[in-house]
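Structure file model.txt (compact mmCIF, C-alpha atoms) follows.
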```txt
# COMPACT_ATOMS: atom_id res chain seq x y z
CA MET O 3 82.08 109.62 105.18
CA THR O 4 81.46 109.23 101.45
CA THR O 5 80.18 105.92 100.07
CA TYR O 6 80.54 104.71 96.49
CA THR O 7 78.72 101.61 95.21
CA TYR O 8 78.67 99.55 92.06
CA ALA O 9 77.45 96.12 90.96
CA ALA O 10 78.12 94.11 87.82
CA ASP O 11 77.54 90.61 86.51
CA ALA O 12 80.27 88.19 85.48
CA ASP O 13 80.24 84.95 83.53
CA VAL O 14 82.15 83.15 86.29
CA PRO O 15 80.89 80.66 88.88
CA ALA O 16 80.48 82.42 92.25
CA ASP O 17 82.92 80.17 94.13
CA VAL O 18 85.61 80.57 91.46
CA LEU O 19 85.12 84.34 91.40
CA PHE O 20 85.28 84.66 95.18
CA ALA O 21 88.39 82.46 95.46
CA TYR O 22 90.12 84.72 92.93
CA LEU O 23 89.10 87.90 94.74
CA ALA O 24 89.98 86.59 98.21
CA ASP O 25 93.64 86.09 97.26
CA PRO O 26 95.31 89.48 97.90
CA ARG O 27 98.09 88.66 95.42
CA ASN O 28 95.53 89.05 92.62
CA MET O 29 94.64 92.64 93.60
CA PRO O 30 97.17 94.37 91.29
CA ARG O 31 95.48 92.60 88.36
CA PHE O 32 92.26 94.53 88.89
CA VAL O 33 92.84 97.49 91.25
CA PRO O 34 93.88 100.59 89.27
CA ARG O 35 97.34 101.89 90.15
CA MET O 36 98.14 99.03 92.58
CA THR O 37 101.49 97.47 91.69
CA SER O 38 101.94 94.93 94.50
CA ALA O 39 99.94 93.21 97.24
CA GLU O 40 101.68 90.68 99.47
CA PRO O 41 99.97 88.89 102.36
CA GLY O 42 101.57 89.43 105.76
CA ASP O 43 100.61 88.14 109.19
CA GLY O 44 96.93 87.43 109.77
CA GLU O 45 94.73 89.90 107.89
CA THR O 46 97.59 92.26 106.99
CA VAL O 47 98.54 92.90 103.36
CA HIS O 48 101.51 95.04 102.26
CA VAL O 49 100.43 97.11 99.27
CA GLU O 50 102.24 99.36 96.79
CA ALA O 51 100.71 101.72 94.25
CA GLU O 52 101.52 104.51 91.84
CA VAL O 53 99.08 107.37 92.48
CA HIS O 54 99.29 110.65 90.57
CA GLY O 55 103.01 110.15 89.94
CA HIS O 56 103.87 109.11 93.51
CA HIS O 57 104.95 105.69 94.75
CA ILE O 58 102.95 104.77 97.85
CA GLU O 59 103.50 101.84 100.21
CA GLY O 60 101.48 100.83 103.20
CA SER O 61 99.57 98.19 105.09
CA ALA O 62 95.97 97.24 104.56
CA TRP O 63 93.75 94.52 105.97
CA VAL O 64 91.63 91.96 104.13
CA ARG O 65 88.94 89.80 105.79
CA PRO O 66 87.43 87.10 103.58
CA ASP O 67 84.28 85.21 104.62
CA ARG O 68 84.30 82.27 102.23
CA CYS O 69 80.96 80.81 103.40
CA ALA O 70 79.12 84.09 102.74
CA ARG O 71 81.35 85.01 99.75
CA ARG O 72 81.94 88.38 101.38
CA LEU O 73 85.22 90.26 101.47
CA ALA O 74 85.99 93.30 103.64
CA TRP O 75 89.14 95.39 103.30
CA GLY O 76 90.56 98.72 104.32
CA ALA O 77 93.51 100.90 105.19
CA GLU O 78 94.09 103.50 107.85
CA GLY O 79 95.89 106.79 107.36
CA ALA O 80 95.39 110.03 105.49
CA GLY O 81 93.08 108.36 102.95
CA ASP O 82 91.35 106.21 105.57
CA TYR O 83 88.92 103.93 103.74
CA TYR O 84 87.25 100.53 103.87
CA GLY O 85 85.02 98.50 101.64
CA GLU O 86 82.93 95.39 101.28
CA LEU O 87 82.49 93.13 98.33
CA GLN O 88 79.77 90.49 97.94
CA VAL O 89 79.66 87.74 95.31
CA ASP O 90 76.24 86.20 94.65
CA GLU O 91 75.34 83.39 92.30
CA ILE O 92 72.76 84.54 89.74
CA GLU O 93 72.62 81.15 88.06
CA PRO O 94 75.16 78.35 87.59
CA GLY O 95 78.27 79.85 85.98
CA ARG O 96 77.11 83.46 86.43
CA SER O 97 77.70 85.81 89.38
CA ARG O 98 76.94 89.32 90.56
CA ILE O 99 79.68 91.39 92.23
CA SER O 100 78.43 94.16 94.53
CA VAL O 101 80.97 96.59 95.97
CA ALA O 102 80.68 99.41 98.49
CA LEU O 103 83.65 101.69 99.19
CA HIS O 104 83.61 104.10 102.15
CA SER O 105 86.11 106.95 102.48
CA VAL O 106 86.59 109.78 104.95
CA ARG O 107 88.11 111.79 102.10
CA ALA O 108 85.59 113.29 99.69
CA VAL O 109 86.85 113.62 96.13
CA GLU O 110 85.33 116.12 93.73
CA GLY O 111 84.33 114.85 90.33
CA GLY O 112 83.69 111.25 89.46
CA GLU O 113 87.22 109.84 89.76
CA VAL O 114 86.49 107.41 92.63
CA GLN O 115 83.22 106.15 91.13
CA GLU O 116 84.89 105.74 87.72
CA ASP O 117 87.80 103.84 89.30
CA LEU O 118 85.34 101.60 91.16
CA GLU O 119 83.42 100.80 87.99
CA GLN O 120 86.67 100.14 86.10
CA THR O 121 87.92 97.92 88.93
CA VAL O 122 84.76 95.79 88.99
CA ALA O 123 84.78 95.40 85.19
CA THR O 124 88.48 94.49 85.20
CA LEU O 125 88.17 92.01 88.05
CA ALA O 126 85.27 90.26 86.32
CA GLN O 127 87.39 89.85 83.17
CA ALA O 128 90.49 88.77 85.10
CA ALA O 129 88.53 86.26 87.18
CA ALA O 130 86.90 84.83 84.06
CA ALA O 131 90.33 84.35 82.45
CA ALA O 132 91.69 82.77 85.65
CA GLY O 133 88.64 80.49 85.85
CA GLU O 134 89.15 79.39 82.25
CA ALA O 135 92.82 78.67 82.97
CA MET O 136 91.91 76.62 86.07
CA ARG O 137 89.28 74.60 84.15
CA GLY O 138 91.83 73.99 81.37
CA ARG O 139 94.27 72.25 83.72
```

Do you think you could lay out the structure here as structure tokens?
Amino acid sequence: MTTYTYAADADVPADVLFAYLADPRNMPRFVPRMTSAEPGDGETVHVEAEVHGHHIEGSAWVRPDRCARRLAWGAEGAGDYYGELQVDEIEPGRSRISVALHSVRAVEGGEVQEDLEQTVATLAQAAAAAGEAMRGR
């Protein structure tokens, strides 16, 4: 099992950031190569992605814990993986996102770590924009 971790700060209130991240429909806005994520029954999410020129579809699971601002997710199959995300309030209006991704498939080079860092940076920007839009209503 290989584990990748990354943490970053975001200028978004912790509750706003977590609410954005806990909605699976927002995942394609910040997960590289994901093109669709639709909630199914219970914890199930139907996902689609374009990976190295191939269209991939499958089922994943997402388990949000709103009180702890913790999100767990994963998928079973050839690329069996799971992860956890934690949102902590640093100060009012500012949060820290900590992510750990665990995979049974080891990847040479830094592609997974780079994707994780890009994902966290993108989700912080997307959540900030969504938070601004919600405050502007």

Atomic separation - CA of Ala123 in chain O relative to CA of Ala77 in chain O, Å: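 Separation between CA of Ala77 in chain O and CA of Ala123 in chain O: 22.5 Å.
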
Residue neighbourhood Glu45 in chain O, 9 Å, all atoms listed in the file, exclusion window fewer than 6 positions, as a PyMOL selection string: chain O and resi 62-66

CA of Ala102 in chain O to CA of Gly85 in chain O, straight-line distance in Å: 5.4 Å

CA of Glu86 in chain O to CA of Val33 in chain O, distance in Å rounded to a single decimal: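 CA of Val33 in chain O lies at a distance of 14.3 Å from CA of Glu86 in chain O.
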
Selected residue, from O:Glu116, O:Asp13, O:Asp25, O:Asp82, that lies nearest to Asp67 in chain O when counting all atoms listed in the file: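 For Asp67 in chain O, the nearest of the candidates is O:Asp25.
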
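Closest approach to Glu50 in chain O from the set O:Gly112, O:Ala70, O:Met29, O:Tyr6 is made by O:Met29, with distances taken over only C-alpha atoms.
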
For Asn28 in chain O, the nearest of the candidates O:Thr4, O:Glu134, O:Ala129, O:Ala51, counting all atoms listed in the file: O:Ala129

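Residue nearest Pro94 in chain O, chosen from O:Pro15, O:Gly55, O:Pro26, O:Pro41 and counting all atoms listed in the file: O:Pro15.
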
Selected residue, from O:Val101, O:Ala130, O:Gln115, O:Val106, that lies nearest to Ala16 in chain O when counting only C-alpha atoms: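 Closest residue, counting only C-alpha atoms: O:Ala130.
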
Surrounding residues of Ser105 in chain O excluding itself and chain neighbours under 4 positions, 8 Å, only C-alpha atoms, as an NGL selection string: :O and (3-5 or 81-84)

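Nearest to Glu78 in chain O of all the residues O:Gly95, O:Thr46, O:Arg35, O:His56 is O:Thr46, based on only C-alpha atoms.
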
Within-8 Å shell of (85.4, 87.0, 95.0) in input frame, all atoms listed in the file, as a ChimeraX atom specification: /O:16-24,71-73,87-89,99
